[in-house]
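Undergrad: Handing over my_file00.txt, compact mmCIF, C-alpha atoms.
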```
# COMPACT_ATOMS: atom_id res chain seq x y z
CA MET Q 1 306.28 35.93 100.40
CA ALA Q 2 305.15 32.78 98.59
CA GLN Q 3 308.19 30.62 99.10
CA HIS Q 4 309.11 27.85 101.42
CA THR Q 5 311.41 28.60 104.29
CA LEU Q 6 313.88 26.32 105.98
CA GLU Q 7 312.74 26.46 109.59
CA ARG Q 8 315.44 24.33 111.12
CA PHE Q 9 318.14 21.81 110.29
CA ASP Q 10 319.48 19.14 112.61
CA ALA Q 11 322.72 17.51 111.44
CA ASN Q 12 322.53 14.84 114.16
CA THR Q 13 319.22 13.44 112.89
CA ASN Q 14 319.79 14.46 109.25
CA THR Q 15 316.47 16.32 109.33
CA ALA Q 16 315.20 19.61 107.95
CA VAL Q 17 311.83 21.24 108.56
CA LEU Q 18 310.31 23.46 105.88
CA SER Q 19 307.43 25.86 106.35
CA LEU Q 20 304.87 26.50 103.58
CA ASP Q 21 301.98 28.94 103.47
CA ALA Q 22 298.81 26.81 103.25
CA GLY Q 23 296.96 29.60 101.45
CA VAL Q 24 299.44 29.55 98.57
CA TYR Q 25 300.03 25.86 98.00
CA PRO Q 26 297.13 23.38 97.70
CA ILE Q 27 297.48 20.17 99.67
CA ASP Q 28 297.50 18.07 96.47
CA ALA Q 29 300.62 19.91 95.28
CA VAL Q 30 302.30 19.31 98.65
CA TYR Q 31 301.47 15.59 98.43
CA GLY Q 32 302.81 15.40 94.87
CA ALA Q 33 306.05 17.16 95.77
CA ALA Q 34 306.52 14.93 98.80
CA TYR Q 35 305.93 11.84 96.69
CA ALA Q 36 308.58 12.95 94.19
CA LEU Q 37 311.21 12.97 96.96
CA ILE Q 38 310.42 9.70 98.70
CA ASP Q 39 313.27 7.90 96.94
CA ARG Q 40 315.82 10.18 98.65
CA ALA Q 41 314.16 11.30 101.86
CA PHE Q 42 311.57 10.33 104.43
CA VAL Q 43 308.83 12.96 104.32
CA LEU Q 44 306.45 13.85 107.14
CA LEU Q 45 303.70 16.42 106.65
CA ASP Q 46 301.95 18.48 109.31
CA LYS Q 47 299.69 21.51 109.40
CA GLU Q 48 299.56 24.14 112.10
CA ALA Q 49 298.12 27.59 112.67
CA ASN Q 50 300.42 30.47 111.76
CA PRO Q 51 302.10 32.07 114.77
CA SER Q 52 300.70 35.44 113.64
CA GLY Q 53 297.18 34.05 113.95
CA LYS Q 54 296.37 34.55 110.24
CA GLY Q 55 295.82 31.38 108.24
CA SER Q 56 297.83 28.21 108.60
CA ARG Q 57 300.98 26.64 107.28
CA PHE Q 58 302.28 23.25 106.28
CA LEU Q 59 305.33 21.87 108.02
CA VAL Q 60 307.33 19.47 105.87
CA GLN Q 61 309.94 17.40 107.64
CA LEU Q 62 312.58 15.96 105.31
CA ARG Q 63 314.95 13.34 106.69
CA GLY Q 64 317.58 12.18 104.22
CA LYS Q 65 317.95 8.47 103.65
CA ARG Q 66 321.67 9.15 103.27
CA THR Q 67 323.66 11.50 105.49
CA LEU Q 68 323.38 15.09 104.23
CA ASP Q 69 325.26 18.20 105.22
CA GLN Q 70 323.79 21.72 105.32
CA ALA Q 71 324.35 22.22 101.57
CA GLY Q 72 322.76 18.85 100.77
CA VAL Q 73 319.67 19.66 102.81
CA GLU Q 74 319.38 23.08 101.18
CA ALA Q 75 319.61 21.42 97.76
CA LEU Q 76 316.94 18.89 98.78
CA SER Q 77 314.66 21.67 100.02
CA GLY Q 78 315.25 23.56 96.75
CA GLU Q 79 314.25 20.46 94.79
CA PHE Q 80 311.16 20.20 96.97
CA GLY Q 81 310.28 23.82 96.14
CA ASN Q 82 310.74 23.21 92.41
CA GLU Q 83 308.62 20.08 92.54
CA LEU Q 84 306.00 21.96 94.56
CA LEU Q 85 305.70 24.59 91.80
CA SER Q 86 305.58 21.88 89.16
CA GLN Q 87 302.77 20.06 90.97
CA ALA Q 88 300.81 23.29 91.46
CA LEU Q 89 301.09 24.10 87.75
CA ARG Q 90 300.11 20.56 86.77
CA ARG Q 91 297.04 20.83 89.00
CA LYS Q 92 296.08 24.15 87.41
CA VAL Q 93 296.44 22.76 83.85
CA VAL Q 94 294.30 19.74 84.70
CA LYS Q 95 291.67 21.99 86.25
CA GLN Q 96 291.56 24.22 83.14
CA ASN Q 97 291.33 21.26 80.75
CA ASN Q 98 288.98 19.12 82.83
CA LYS Q 99 286.13 19.16 80.27
CA ILE Q 100 288.44 18.06 77.44
CA ILE Q 101 289.93 15.27 79.56
CA GLU Q 102 286.46 14.03 80.53
CA GLU Q 103 285.32 14.04 76.87
CA ILE Q 104 288.36 12.06 75.72
CA VAL Q 105 287.98 9.48 78.49
CA THR Q 106 284.25 9.15 77.80
CA GLN Q 107 284.87 8.51 74.10
CA ALA Q 108 287.63 6.01 74.87
CA ILE Q 109 285.44 4.06 77.28
CA ALA Q 110 282.48 4.19 74.90
CA GLY Q 111 284.63 2.89 72.07
CA ALA Q 112 286.01 0.07 74.21
CA THR Q 113 282.54 -1.08 75.25
CA GLY Q 114 281.22 -1.05 71.69
CA ALA Q 115 278.84 1.84 72.22
CA SER Q 116 278.12 4.10 69.31
CA LEU Q 117 280.56 6.93 68.76
CA PRO Q 118 279.70 10.47 67.72
CA GLN Q 119 279.18 10.99 63.99
CA ASP Q 120 282.57 12.68 63.65
CA PHE Q 121 284.27 9.32 64.11
CA VAL Q 122 282.04 7.19 61.88
CA ASP Q 123 283.69 6.23 58.57
CA ASP Q 124 281.03 6.23 55.84
CA ASP Q 125 283.53 5.56 53.05
CA ASP Q 126 283.49 1.76 52.98
CA ASP Q 127 283.57 1.49 49.13
CA ASP Q 128 280.64 -0.96 49.17
CA LEU Q 129 282.92 -3.86 50.08
CA ASP Q 130 281.47 -7.06 51.39
CA PHE Q 131 283.28 -9.31 53.83
CA LEU Q 132 282.91 -12.19 51.37
CA ASP Q 133 284.70 -10.31 48.56
CA ASP Q 134 288.25 -11.57 48.05
CA PRO Q 135 289.76 -9.75 45.06
CA LEU Q 136 293.33 -10.86 45.94
CA GLY Q 137 292.46 -14.51 46.45
CA ILE Q 138 293.69 -14.55 50.01
CA ALA Q 139 290.84 -16.66 51.34
CA VAL Q 140 291.34 -19.49 48.83
CA PRO Q 141 292.08 -22.74 50.71
CA TRP Q 142 295.54 -24.21 50.21
CA GLU Q 143 294.20 -27.40 48.64
CA GLU Q 144 292.43 -25.47 45.89
CA LYS Q 145 295.31 -23.08 45.29
CA PHE Q 146 298.05 -25.76 44.99
CA LYS Q 147 296.00 -28.72 43.82
CA THR Q 148 297.90 -31.13 41.59
CA ASP Q 149 296.39 -32.83 38.65
CA THR Q 150 296.20 -36.52 39.61
CA LYS Q 151 295.63 -37.63 35.99
CA LYS Q 152 298.96 -36.13 34.80
CA GLY Q 153 300.90 -37.59 37.71
CA ALA Q 154 299.57 -41.14 37.12
```
Could you take the file, read its structure, and then write that structure out as structure tokens?

TA:
Amino acid sequence: MAQHTLERFDANTNTAVLSLDAGVYPIDAVYGAAYALIDRAFVLLDKEANPSGKGSRFLVQLRGKRTLDQAGVEALSGEFGNELLSQALRRKVVKQNNKIIEEIVTQAIAGATGASLPQDFVDDDDDDLDFLDDPLGIAVPWEEKFKTDTKKGA
């Protein structure tokens, strides 16, 4: 069965040990799930051969930063299992969309460095404007715009 199992719980040390099938969960997903819990628990990871001799398993030791009872540890292990599934799905989505992600990052870096972009992003509709054109009179210096007539004032 592809679920995590609570191997043991020690109330004295506030520690629980979970067992995960290494063939089901990739190590990146285990790391991600462990990282999501580090604000509430100390997490230690280990890998050992399955007692049946087939494959291997991950051992995840969760030690609560606050004192937990049996129900609290079960809730923490349930959250770990949910986060483990979330991380595995996230990894799968990234793997499926890897080409799109690479293309977007390449275009972003190329645009930031000033390299030419693909023709899809080039705007050819510039209306034949020149940078010296100022139809609204914005670039007129203040002195010219608000100049007073010295002959009238004298």

Undergrad: So, with only C-alpha atoms as the atoms that count, which of Q:Leu59, Q:Ala75, Q:Leu44, Q:Ala108 lies closest to Ala22 of chain Q?

TA: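 Looking at the shortest contact to Ala22 of chain Q, the residue is Q:Leu59.
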
Undergrad: In Å, with one decimal, what is the gap from atom CA of Asp46 of chain Q to atom CA of Phe58 of chain Q?

TA: 5.7 Å

Undergrad: One number please: atom CA of Asp133 of chain Q to atom CA of Thr148 of chain Q, in Å, one decimal.

TA: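 Value for the atom CA of Asp133 of chain Q-atom CA of Thr148 of chain Q distance: 25.6 Å.
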
Undergrad: Find the distance between atom CA of Phe42 of chain Q and atom CA of Leu62 of chain Q and write it in Å to one decimal.

TA: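 So the answer is 5.8 Å.
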
Undergrad: Do you know which residues are at most 12 Å from Lys47 of chain Q counting all atoms listed in the file, after dropping those on the same chain fewer than 3 positions away, and could you put them as a list in words?

TA: Leu18, Ser19, Leu20, Asp21, Ala22, Gly23, Ile27, Val30, Leu44, Asn50, Gly55, Ser56, Arg57, Phe58, Leu59, Val60 and Gln61 of chain Q

Undergrad: Write a file of the just-selected residues containing C-alpha atoms, as a CSV table (one decimal), keeping the file's coordinate frame.

TA:
```csv
chain,number,residue,atom,x,y,z
Q,18,LEU,CA,310.3,23.5,105.9
Q,19,SER,CA,307.4,25.9,106.4
Q,20,LEU,CA,304.9,26.5,103.6
Q,21,ASP,CA,302.0,28.9,103.5
Q,22,ALA,CA,298.8,26.8,103.2
Q,23,GLY,CA,297.0,29.6,101.4
Q,27,ILE,CA,297.5,20.2,99.7
Q,30,VAL,CA,302.3,19.3,98.6
Q,44,LEU,CA,306.4,13.8,107.1
Q,50,ASN,CA,300.4,30.5,111.8
Q,55,GLY,CA,295.8,31.4,108.2
Q,56,SER,CA,297.8,28.2,108.6
Q,57,ARG,CA,301.0,26.6,107.3
Q,58,PHE,CA,302.3,23.2,106.3
Q,59,LEU,CA,305.3,21.9,108.0
Q,60,VAL,CA,307.3,19.5,105.9
Q,61,GLN,CA,309.9,17.4,107.6
```

Undergrad: Quick one: which segment 44-78 of chain Q residues come within 9 Å of segment 4-12 of chain Q, and what is the nearest atom pair for each with the distance in Å to one decimal, counting all atoms listed in the file, rows ordered by chain and ascending number, as JSON lines?

TA:
```
{"residue": "Q:Leu59", "atom": "CA", "partner": "Q:Glu7", "partner_atom": "CA", "distance": 8.9}
{"residue": "Q:Thr67", "atom": "CA", "partner": "Q:Ala11", "partner_atom": "CA", "distance": 8.5}
{"residue": "Q:Leu68", "atom": "CA", "partner": "Q:Ala11", "partner_atom": "CA", "distance": 7.6}
{"residue": "Q:Asp69", "atom": "CA", "partner": "Q:Ala11", "partner_atom": "CA", "distance": 6.8}
{"residue": "Q:Gln70", "atom": "CA", "partner": "Q:Ala11", "partner_atom": "CA", "distance": 7.5}
{"residue": "Q:Val73", "atom": "CA", "partner": "Q:Phe9", "partner_atom": "CA", "distance": 7.9}
{"residue": "Q:Glu74", "atom": "CA", "partner": "Q:Leu6", "partner_atom": "CA", "distance": 8.0}
{"residue": "Q:Ser77", "atom": "CA", "partner": "Q:Leu6", "partner_atom": "CA", "distance": 7.6}
{"residue": "Q:Gly78", "atom": "CA", "partner": "Q:His4", "partner_atom": "CA", "distance": 8.8}
```

Undergrad: List every residue of segment 42-89 of chain Q that has an atom at most 12 Å from any atom of segment 94-98 of chain Q, giving for each one its closest atom pair and the distance in Å to one decimal, counting only C-alpha atoms, sorted by chain and then by ascending residue number, as JSON lines.

TA:
```
{"residue": "Q:Gln87", "atom": "CA", "partner": "Q:Val94", "partner_atom": "CA", "distance": 10.5}
{"residue": "Q:Ala88", "atom": "CA", "partner": "Q:Val94", "partner_atom": "CA", "distance": 10.0}
{"residue": "Q:Leu89", "atom": "CA", "partner": "Q:Val94", "partner_atom": "CA", "distance": 8.6}
```
